[in-house]
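Single-structure report; data block below.
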Amino acid sequence: MTPLKPVAPGRKAVLGIAFFVLFVAVWAAATLSGFVSRTFLADPVTMLREGWALFAQFGFAGDIAITVWRVVGGFVLAALCAVPLGIAMGAYKPIEAFFEPFVSFARYLPASAFIPLLILWAGIGEMQKLLVIFIGSFFQLVLMVAVAVGSTRRDLVEAAYTLGATSRGVVRRVLLPSASPAIAETLRLVLGWAWTYVIVAELIGASSGIGHMITDSQALLNTGQIIFGIIVIGVIGLISDFMFKWANQRLYPWSVA
Amino acid sequence: MERRLNGAAHHHKLAIEAVGRTFAGVRGGTPTVALEPVTLRVEDHDFITILGPSGCGKSTLLRIVAGLDTPTAGRVLLDGTPVVAPGADRGMVFQSYTLFPWLTVHENICFGLREKNMPQNEQQRIAAHYIARVGLGGFEHHYPKMLSGGMQQRTAIARALANDPKILLLDEPFGALDNQTRALMQELLLGIWEAEKKTVLFVTHDIEEAIFMAGRVIVMSARPGRIKAEVAVDLPHPRHYTVKTTPEFSALKARLTEEIRSEALKVAAAA
């Protein structure tokens with residue numbers, strides 16, 4: 001192996017899949033051989049069977065749909081508020097000076113710790129779930145978008161001014177296009193984090209969703225269902241990640257190296 | 001006094017009047033004088049090169065003319081109007097590649113025209129003219145990252161010219177290019193100037209480039225920068241690259257080399 005030398009695409013895929021295979025093999029060996037008790041960890045076969053049962057008998061598809069809806073709803077709400085504010089902060093330094101200290105502080109407030117308060121304020125309905133996602137995503141998004149806009153190359157801004165651009169023109173035609181790939185990348189990252197918040201929100205005070213199913217299964221010691229739920233979250237996260245990457249490559253062909 | 005200034009304003013395309021730039025000291029330290037008061041008159045259709053060792057403030061002077069930096073003394077007049085901010089009347093080409101990466105060659109060239117709300121077909125016509133002028137036909141729809149350094153700078157020149165500025169400012173535009181490309185770019189720019197007779201202010205540290213391009217070479221001293229010598233270049237136009245091997249060219253080169261060398265020695269001694 002030579003440092004930093006790229007791998008051929010075919011070999012890269014084989015290597016990536018190989019670890020999944022190894023992972024499942026170790027898991028299967030540990031559980032099927034009886035080395036790890038079934039009470040604590042289901043084997044892969046049981047897990048798949050339980051997963052099938054979840055879809056066939058317990059309407060798990062509905063749980064998935066409601067969870068996806070909550071993540072997307074809360075995240076879109078957060079993005080709609082955070083992206084314009086982040087752009088304004090990145091472009092105009094007085095606005096940044098006004099908001100940045102508070103947002104920097106607020107982003108370290110753990111979203112999950114707000115759940116008891118949010119239940120008090122918003123009950124245990126959908127609004128509470130959306131608010132957890134919102135709090136978890138909003139402050140992160142604001143700061144990252146502001147940094148993306150603020151780190152626009154100064155020489156490009158100067159070039160625009162010498163071409164007769166106004167301040168508004170610079171924001172609209174230089175800062176925004178220059179920052180948009182980084183903003184899209186930020187959205188992709190924070191959406192991943194939003195997935196972890198939704199599950200926490202559903203573990204407490206929910207009557208539907210993947211997180212709720214996991215809590216139910218815990219009461220029944222059904223580790224197969226728990227693991228299946230976790231894997232489903234992982235797969236959905238992976239799919240949304242791929243979709244974002246694909247869209248970004250299509251939208252910003254000029255930025256891809 | 002007033003009458004004299006107005007008179008000057010009518011005679012000169014660009015008047016740099018005792019322009020100086022001092023940078024404030026860091027944390028109460030001694031301020032740095034980047035540019036001692038410099039006075040320079042530029043006439044319509046002049047091609048002036050500003051030659052100096054690195055750090056002599058020649059780029060600072062150009063940035064002040066562009067309106068990207070503010071002088072701490074003196075003022076700059078363009079057609080008699082004081083320069084206070086950057087504007088479309090002073091086109092600039094930077095040493096770094098400053099094409100907008102998200103725009104194609106064609107869109108980059110139209111950037112300033114769009115900002116002026118020029119009608120689409122007019123933009124098309126002007127862009128096509130300058131794309132042909134800098135020899136980028138067939139590359140209109142390429143993104144900057146697909147172009148070589150020389151092609152990017154040609155696009156940058158076309159972008160600045162498309163705006164039809166009163167004066168074209170170039171800050172070591174070929175500094176990052178290899179020697180062969182650099183020589184071709186010099187001929188290209190000179191050809192454009194000979195055809196369109198723009199007023200040009202060109203900053204460089206390359207002696208040969210300074211002579212080949214210029215009608216007048218301004219030699220600047222080491223930091224703090226000031227004008228050390230002004231040398232007229234009377235080589236005939238149109239200039240061909242073979243002019244670089246003529247005795248007249250060599251004599252100018254020898255003279256400017258001597259001027260610059262003494263400045264470079266000062267820099268080395270100060271370091």
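By order in the structure tokens, chains are A, B, ...; within a chain, residues start at 1; ligands start at 1, following the order shown.
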
Can you list every residue of region 57-108 of chain B that has an atom at most 12 Å from region 191-200 of chain B, with its nearest atom pair and the distance in Å to one decimal, using only C-alpha atoms, ordered by chain then number, as CSV?
residue,atom,partner,partner_atom,distance
B:Leu62,CA,B:Val200,CA,11.2
B:Val65,CA,B:Val200,CA,11.9
B:Leu78,CA,B:Thr199,CA,11.3
B:Asp79,CA,B:Thr199,CA,11.9
B:Asp89,CA,B:Thr199,CA,11.3
B:Arg90,CA,B:Val200,CA,9.9
B:Gly91,CA,B:Val200,CA,9.6
B:Met92,CA,B:Val200,CA,10.0
B:Val93,CA,B:Val200,CA,11.1

Take the residues from that selection and write them out as an mmCIF file, in the first residue's frame, keeping N, CA and C atoms.
data_model
loop_
_atom_site.group_PDB
_atom_site.id
_atom_site.type_symbol
_atom_site.label_atom_id
_atom_site.label_comp_id
_atom_site.auth_asym_id
_atom_site.auth_seq_id
_atom_site.Cartn_x
_atom_site.Cartn_y
_atom_site.Cartn_z
ATOM 1 N N LEU B 62 -1.935 49.967 -7.970
ATOM 2 C CA LEU B 62 -2.947 49.549 -8.943
ATOM 3 C C LEU B 62 -4.296 49.324 -8.260
ATOM 4 N N VAL B 65 -5.974 52.575 -7.703
ATOM 5 C CA VAL B 65 -6.609 53.064 -8.928
ATOM 6 C C VAL B 65 -7.921 52.313 -9.170
ATOM 7 N N LEU B 78 -10.051 59.934 -12.556
ATOM 8 C CA LEU B 78 -10.241 59.292 -13.849
ATOM 9 C C LEU B 78 -11.165 60.198 -14.650
ATOM 10 N N ASP B 79 -10.674 60.726 -15.770
ATOM 11 C CA ASP B 79 -11.426 61.713 -16.551
ATOM 12 C C ASP B 79 -11.898 62.853 -15.670
ATOM 13 N N ASP B 89 -15.874 51.234 -14.862
ATOM 14 C CA ASP B 89 -15.054 52.042 -15.768
ATOM 15 C C ASP B 89 -13.564 51.698 -15.649
ATOM 16 N N ARG B 90 -13.200 50.900 -14.629
ATOM 17 C CA ARG B 90 -11.811 50.448 -14.506
ATOM 18 C C ARG B 90 -11.786 48.928 -14.468
ATOM 19 N N GLY B 91 -11.516 48.310 -15.596
ATOM 20 C CA GLY B 91 -11.472 46.843 -15.662
ATOM 21 C C GLY B 91 -10.176 46.347 -15.068
ATOM 22 N N MET B 92 -10.247 45.186 -14.405
ATOM 23 C CA MET B 92 -9.038 44.698 -13.744
ATOM 24 C C MET B 92 -8.840 43.218 -14.058
ATOM 25 N N VAL B 93 -7.572 42.861 -14.295
ATOM 26 C CA VAL B 93 -7.203 41.450 -14.445
ATOM 27 C C VAL B 93 -6.196 41.154 -13.341
#

- Message: List the spatial neighbours of Leu256 (chain B) as a PyMOL selection string - criterion: any atom at most 8 Å away, only C-alpha atoms, same-chain residues fewer than 3 positions off excluded.
- Response: chain B and resi 207+219+252-253+259-260

Mind running chain A against chain B at 12 Å and telling me each contacting residue's nearest atom pair with the distance in Å (one decimal), counting only C-alpha atoms, chain and number ascending, as a tab-separated table?
residue	atom	partner	partner_atom	distance
A:Thr152	CA	B:Phe100	CA	11.1
A:Arg153	CA	B:Thr98	CA	9.0
A:Arg154	CA	B:Thr98	CA	9.6
A:Asp155	CA	B:Thr98	CA	6.4
A:Leu156	CA	B:Thr98	CA	5.4
A:Val157	CA	B:Thr98	CA	9.0
A:Glu158	CA	B:Leu68	CA	7.1
A:Ala159	CA	B:Thr98	CA	6.6
A:Ala160	CA	B:Gly112	CA	7.8
A:Tyr161	CA	B:Pro86	CA	5.8
A:Thr162	CA	B:Gly87	CA	5.1
A:Leu163	CA	B:Ala88	CA	4.8
A:Gly164	CA	B:Ala88	CA	4.0
A:Ala165	CA	B:Glu115	CA	6.1
A:Thr166	CA	B:Glu115	CA	8.2
A:Ser167	CA	B:Pro86	CA	11.2
A:Arg168	CA	B:Glu115	CA	10.5
A:Gly169	CA	B:Glu115	CA	7.3
A:Val170	CA	B:Glu115	CA	10.0
A:Arg172	CA	B:Glu115	CA	11.0
A:Arg173	CA	B:Phe111	CA	8.9
A:Val174	CA	B:Phe100	CA	7.8
A:Leu175	CA	B:Phe100	CA	10.6
A:Leu176	CA	B:Trp102	CA	10.6
A:Pro177	CA	B:Trp102	CA	6.9
A:Ser178	CA	B:Trp102	CA	7.2
A:Ala179	CA	B:Trp102	CA	10.4
A:Ser180	CA	B:Trp102	CA	10.1
A:Pro181	CA	B:Trp102	CA	10.1
A:Leu251	CA	B:Trp102	CA	10.4
A:Tyr252	CA	B:Trp102	CA	7.6
A:Pro253	CA	B:Trp102	CA	8.3
A:Trp254	CA	B:Trp102	CA	5.5
A:Ser255	CA	B:Trp102	CA	7.2
A:Val256	CA	B:Lys145	CA	9.5
A:Ala257	CA	B:Lys145	CA	8.3

- Just list the residues in region 8-37 of chain B DSSP gives alpha helix (DSSP H) on the backbone, as a ChimeraX atom specification. /B:8-11

- Message: Neighbouring residues of Leu35 (chain B) were defined as those with any atom within 7 Å, considering only C-alpha atoms; residues of the same chain fewer than 5 positions away were excluded. Please report them as a ChimeraX atom specification.
- Response: /B:20-22,57,224-226

Write out the residues from the selection above, keeping N, CA and C atoms, as a PDB file, in the first residue's frame.
ATOM      1  N   GLY B  20      -0.349  58.108  -1.641  1.00  0.00           N
ATOM      2  CA  GLY B  20       0.488  57.326  -0.733  1.00  0.00           C
ATOM      3  C   GLY B  20      -0.358  56.372   0.076  1.00  0.00           C
ATOM      4  N   ARG B  21       0.283  55.341   0.576  1.00  0.00           N
ATOM      5  CA  ARG B  21      -0.466  54.367   1.380  1.00  0.00           C
ATOM      6  C   ARG B  21       0.402  53.921   2.544  1.00  0.00           C
ATOM      7  N   THR B  22      -0.104  54.143   3.750  1.00  0.00           N
ATOM      8  CA  THR B  22       0.579  53.703   4.961  1.00  0.00           C
ATOM      9  C   THR B  22      -0.336  52.743   5.690  1.00  0.00           C
ATOM     10  N   GLY B  57       5.051  47.963  -3.625  1.00  0.00           N
ATOM     11  CA  GLY B  57       3.820  48.748  -3.564  1.00  0.00           C
ATOM     12  C   GLY B  57       3.193  48.980  -4.919  1.00  0.00           C
ATOM     13  N   PRO B 224       9.916  51.666   0.990  1.00  0.00           N
ATOM     14  CA  PRO B 224       8.618  52.149   0.530  1.00  0.00           C
ATOM     15  C   PRO B 224       8.671  52.592  -0.925  1.00  0.00           C
ATOM     16  N   GLY B 225       7.643  52.185  -1.685  1.00  0.00           N
ATOM     17  CA  GLY B 225       7.670  52.427  -3.115  1.00  0.00           C
ATOM     18  C   GLY B 225       7.535  53.892  -3.487  1.00  0.00           C
ATOM     19  N   ARG B 226       8.311  54.296  -4.478  1.00  0.00           N
ATOM     20  CA  ARG B 226       8.118  55.602  -5.106  1.00  0.00           C
ATOM     21  C   ARG B 226       8.635  55.450  -6.531  1.00  0.00           C
TER      22      ARG B 226
END

Test item: residues at most 10 Å from region 121-127 of chain A, only C-alpha atoms, excluding those fewer than 3 positions along its chain, as a short mmCIF file (atom, residue, chain, number, x, y, z; two decimals) with C-alpha atoms, in the first residue's frame:
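Saved as around36.cif:
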data_model
loop_
_atom_site.label_atom_id
_atom_site.label_comp_id
_atom_site.auth_asym_id
_atom_site.auth_seq_id
_atom_site.Cartn_x
_atom_site.Cartn_y
_atom_site.Cartn_z
CA ILE A 66 -44.27 8.64 10.01
CA TRP A 69 -42.20 12.52 7.65
CA ARG A 70 -41.07 13.87 11.04
CA GLY A 73 -40.76 18.05 8.18
CA GLY A 74 -38.59 19.25 11.05
CA ILE A 115 -37.73 16.85 25.15
CA PRO A 116 -39.27 17.15 28.66
CA LEU A 117 -39.76 20.89 28.15
CA LEU A 118 -41.13 20.42 24.66
CA LEU A 130 -40.84 18.45 14.76
CA LEU A 131 -39.54 20.89 17.37
CA VAL A 132 -36.89 18.42 18.59
CA ALA A 201 -37.82 12.00 20.31
CA GLU A 202 -39.74 8.83 19.51
CA ILE A 204 -40.07 9.21 24.74
CA GLY A 205 -43.78 9.87 24.48
CA ALA A 206 -44.59 8.55 21.03
CA SER A 207 -47.20 6.08 19.84
#

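For the atom pair formed by CA of Leu141 (chain A) and CA of Ala61 (chain A), the distance is 29.8 Å, given to one decimal.
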
- Could you check how far CA of Leu4 (chain A) sits from CA of Phe19 (chain A), in Å to one decimal?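 Interatomic distance, CA of Leu4 (chain A) to CA of Phe19 (chain A): 20.4 Å.
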
- Would you mind reading off the distance between CA of Ile218 (chain B) and CA of Ser262 (chain B), one decimal, in Å? 15.3 Å
